[in-house]
Amino acid sequence: MATQDSESKTPPAPGSETRWTFLTNHAHVLLTIARDPQIRMRDVATRVGVTERAAQKIAADLVEAGYITRTRAGRRNSYTVATGRPFRHPIDAGHELDELLAVLVPESTPQP
């Protein structure tokens, strides 16, 4: 049974030492790209808290699965998040990526 002290504690601040999160690194990379389609993978990695190589692998997974497209623009990449794509897990059947983006990507963020 929890004590009153443990019940009244405030949740950990963002960026504090946590062992798990509700969203996967794939979701974090996708949301970071949706918020800034011109972002560099180095910056994605920093924001998500993974290595640059891990961010590149996750982005490649998202491209392969059709959740984002990558367009070369000079020396940089530009990304477009696909709309109408379903979630991948059976427990989330009937829900689309657009629903997650609507909640977690600010309206002021331009969506291509």
# chains A, B, ... in the order shown; residues from 1 in each chain; ligands from 1
$ residues_around --residues "region 39-44 of chain A" --least-positions-apart "3" --cutoff "10 Å" --atoms "only C-alpha atoms" --output "PyMOL selection string"
chain A and resi 28-36+47-56+59+76-79
$ write_last_selection --atoms "N, CA, C and O atoms" --output "tab-separated table (two decimals), in the first residue's frame"
chain	number	residue	atom	x	y	z
A	28	HIS	N	8.87	8.95	-31.00
A	28	HIS	CA	9.57	10.20	-30.70
A	28	HIS	C	10.26	10.76	-31.95
A	28	HIS	O	10.22	11.97	-32.19
A	29	VAL	N	10.90	9.91	-32.73
A	29	VAL	CA	11.54	10.36	-33.96
A	29	VAL	C	10.49	10.90	-34.92
A	29	VAL	O	10.64	11.98	-35.50
A	30	LEU	N	9.39	10.19	-35.09
A	30	LEU	CA	8.34	10.63	-35.99
A	30	LEU	C	7.77	11.98	-35.56
A	30	LEU	O	7.59	12.88	-36.38
A	31	LEU	N	7.51	12.15	-34.28
A	31	LEU	CA	6.96	13.41	-33.78
A	31	LEU	C	7.96	14.55	-33.94
A	31	LEU	O	7.58	15.68	-34.29
A	32	THR	N	9.23	14.27	-33.72
A	32	THR	CA	10.27	15.30	-33.88
A	32	THR	C	10.35	15.74	-35.33
A	32	THR	O	10.43	16.94	-35.62
A	33	ILE	N	10.27	14.79	-36.25
A	33	ILE	CA	10.29	15.12	-37.68
A	33	ILE	C	9.01	15.87	-38.07
A	33	ILE	O	9.06	16.83	-38.84
A	34	ALA	N	7.87	15.47	-37.54
A	34	ALA	CA	6.61	16.15	-37.85
A	34	ALA	C	6.65	17.60	-37.39
A	34	ALA	O	6.10	18.49	-38.06
A	35	ARG	N	7.32	17.86	-36.28
A	35	ARG	CA	7.41	19.23	-35.75
A	35	ARG	C	8.38	20.09	-36.55
A	35	ARG	O	8.24	21.30	-36.59
A	36	ASP	N	9.38	19.45	-37.17
A	36	ASP	CA	10.39	20.18	-37.94
A	36	ASP	C	10.86	19.32	-39.10
A	36	ASP	O	11.85	18.59	-38.98
A	47	ARG	N	17.39	15.40	-29.46
A	47	ARG	CA	16.07	15.63	-28.85
A	47	ARG	C	15.45	14.34	-28.31
A	47	ARG	O	14.81	14.34	-27.26
A	48	VAL	N	15.63	13.24	-29.05
A	48	VAL	CA	15.03	11.97	-28.64
A	48	VAL	C	15.85	11.30	-27.54
A	48	VAL	O	15.32	10.56	-26.73
A	49	GLY	N	17.17	11.57	-27.53
A	49	GLY	CA	18.03	10.95	-26.53
A	49	GLY	C	18.61	9.62	-26.98
A	49	GLY	O	18.80	8.71	-26.18
A	50	VAL	N	18.87	9.52	-28.28
A	50	VAL	CA	19.48	8.32	-28.85
A	50	VAL	C	20.72	8.74	-29.64
A	50	VAL	O	20.96	9.93	-29.83
A	51	THR	N	21.48	7.77	-30.11
A	51	THR	CA	22.63	8.09	-30.94
A	51	THR	C	22.16	8.53	-32.32
A	51	THR	O	21.03	8.23	-32.73
A	52	GLU	N	23.03	9.21	-33.04
A	52	GLU	CA	22.68	9.63	-34.39
A	52	GLU	C	22.42	8.41	-35.28
A	52	GLU	O	21.50	8.40	-36.09
A	53	ARG	N	23.21	7.37	-35.10
A	53	ARG	CA	23.01	6.14	-35.88
A	53	ARG	C	21.65	5.52	-35.59
A	53	ARG	O	20.96	5.05	-36.48
A	54	ALA	N	21.25	5.51	-34.33
A	54	ALA	CA	19.93	4.96	-33.96
A	54	ALA	C	18.82	5.80	-34.58
A	54	ALA	O	17.84	5.24	-35.10
A	55	ALA	N	18.97	7.11	-34.58
A	55	ALA	CA	17.96	7.99	-35.20
A	55	ALA	C	17.88	7.72	-36.70
A	55	ALA	O	16.78	7.67	-37.26
A	56	GLN	N	19.02	7.52	-37.35
A	56	GLN	CA	19.03	7.21	-38.78
A	56	GLN	C	18.33	5.88	-39.06
A	56	GLN	O	17.56	5.77	-40.02
A	59	ALA	N	14.58	6.36	-38.60
A	59	ALA	CA	14.04	7.09	-39.75
A	59	ALA	C	13.94	6.17	-40.96
A	59	ALA	O	12.94	6.21	-41.69
A	76	ARG	N	20.97	18.49	-47.57
A	76	ARG	CA	20.07	18.18	-46.46
A	76	ARG	C	18.93	17.30	-46.93
A	76	ARG	O	18.64	17.21	-48.12
A	77	ASN	N	18.26	16.71	-45.99
A	77	ASN	CA	17.04	15.95	-46.27
A	77	ASN	C	15.85	16.74	-45.75
A	77	ASN	O	15.95	17.47	-44.77
A	78	SER	N	14.74	16.57	-46.42
A	78	SER	CA	13.47	17.13	-45.98
A	78	SER	C	12.52	15.94	-45.83
A	78	SER	O	12.58	15.00	-46.61
A	79	TYR	N	11.67	15.99	-44.83
A	79	TYR	CA	10.79	14.86	-44.54
A	79	TYR	C	9.33	15.27	-44.64
A	79	TYR	O	8.97	16.40	-44.34
$ atom_distance --atom1 "CA of Ala82 (chain A)" --atom2 "CA of Asp98 (chain A)"
8.6 Å
$ select_by_dssp --residues "region 36-98 of chain A" --states "helix (DSSP H, G or I)" --output "number ranges by chain"
A: 41-48, 52-64, 90-92, 97-98
$ atom_distance --atom1 "CA of His89 (chain A)" --atom2 "CA of Arg19 (chain A)"
22.5 Å
$ closest_residue --among "A:Asp92, A:Gly74, A:Val81, A:Tyr67" --to "Val105 (chain A)" --atoms "only C-alpha atoms"
A:Val81
$ select_by_dssp --residues "region 3-95 of chain A" --states "strand (DSSP E or B)" --output "number ranges by chain"
A: 68-73, 76-81, 86
$ atom_distance --atom1 "CA of Ala73 (chain A)" --atom2 "CA of Arg85 (chain A)"
24.8 Å
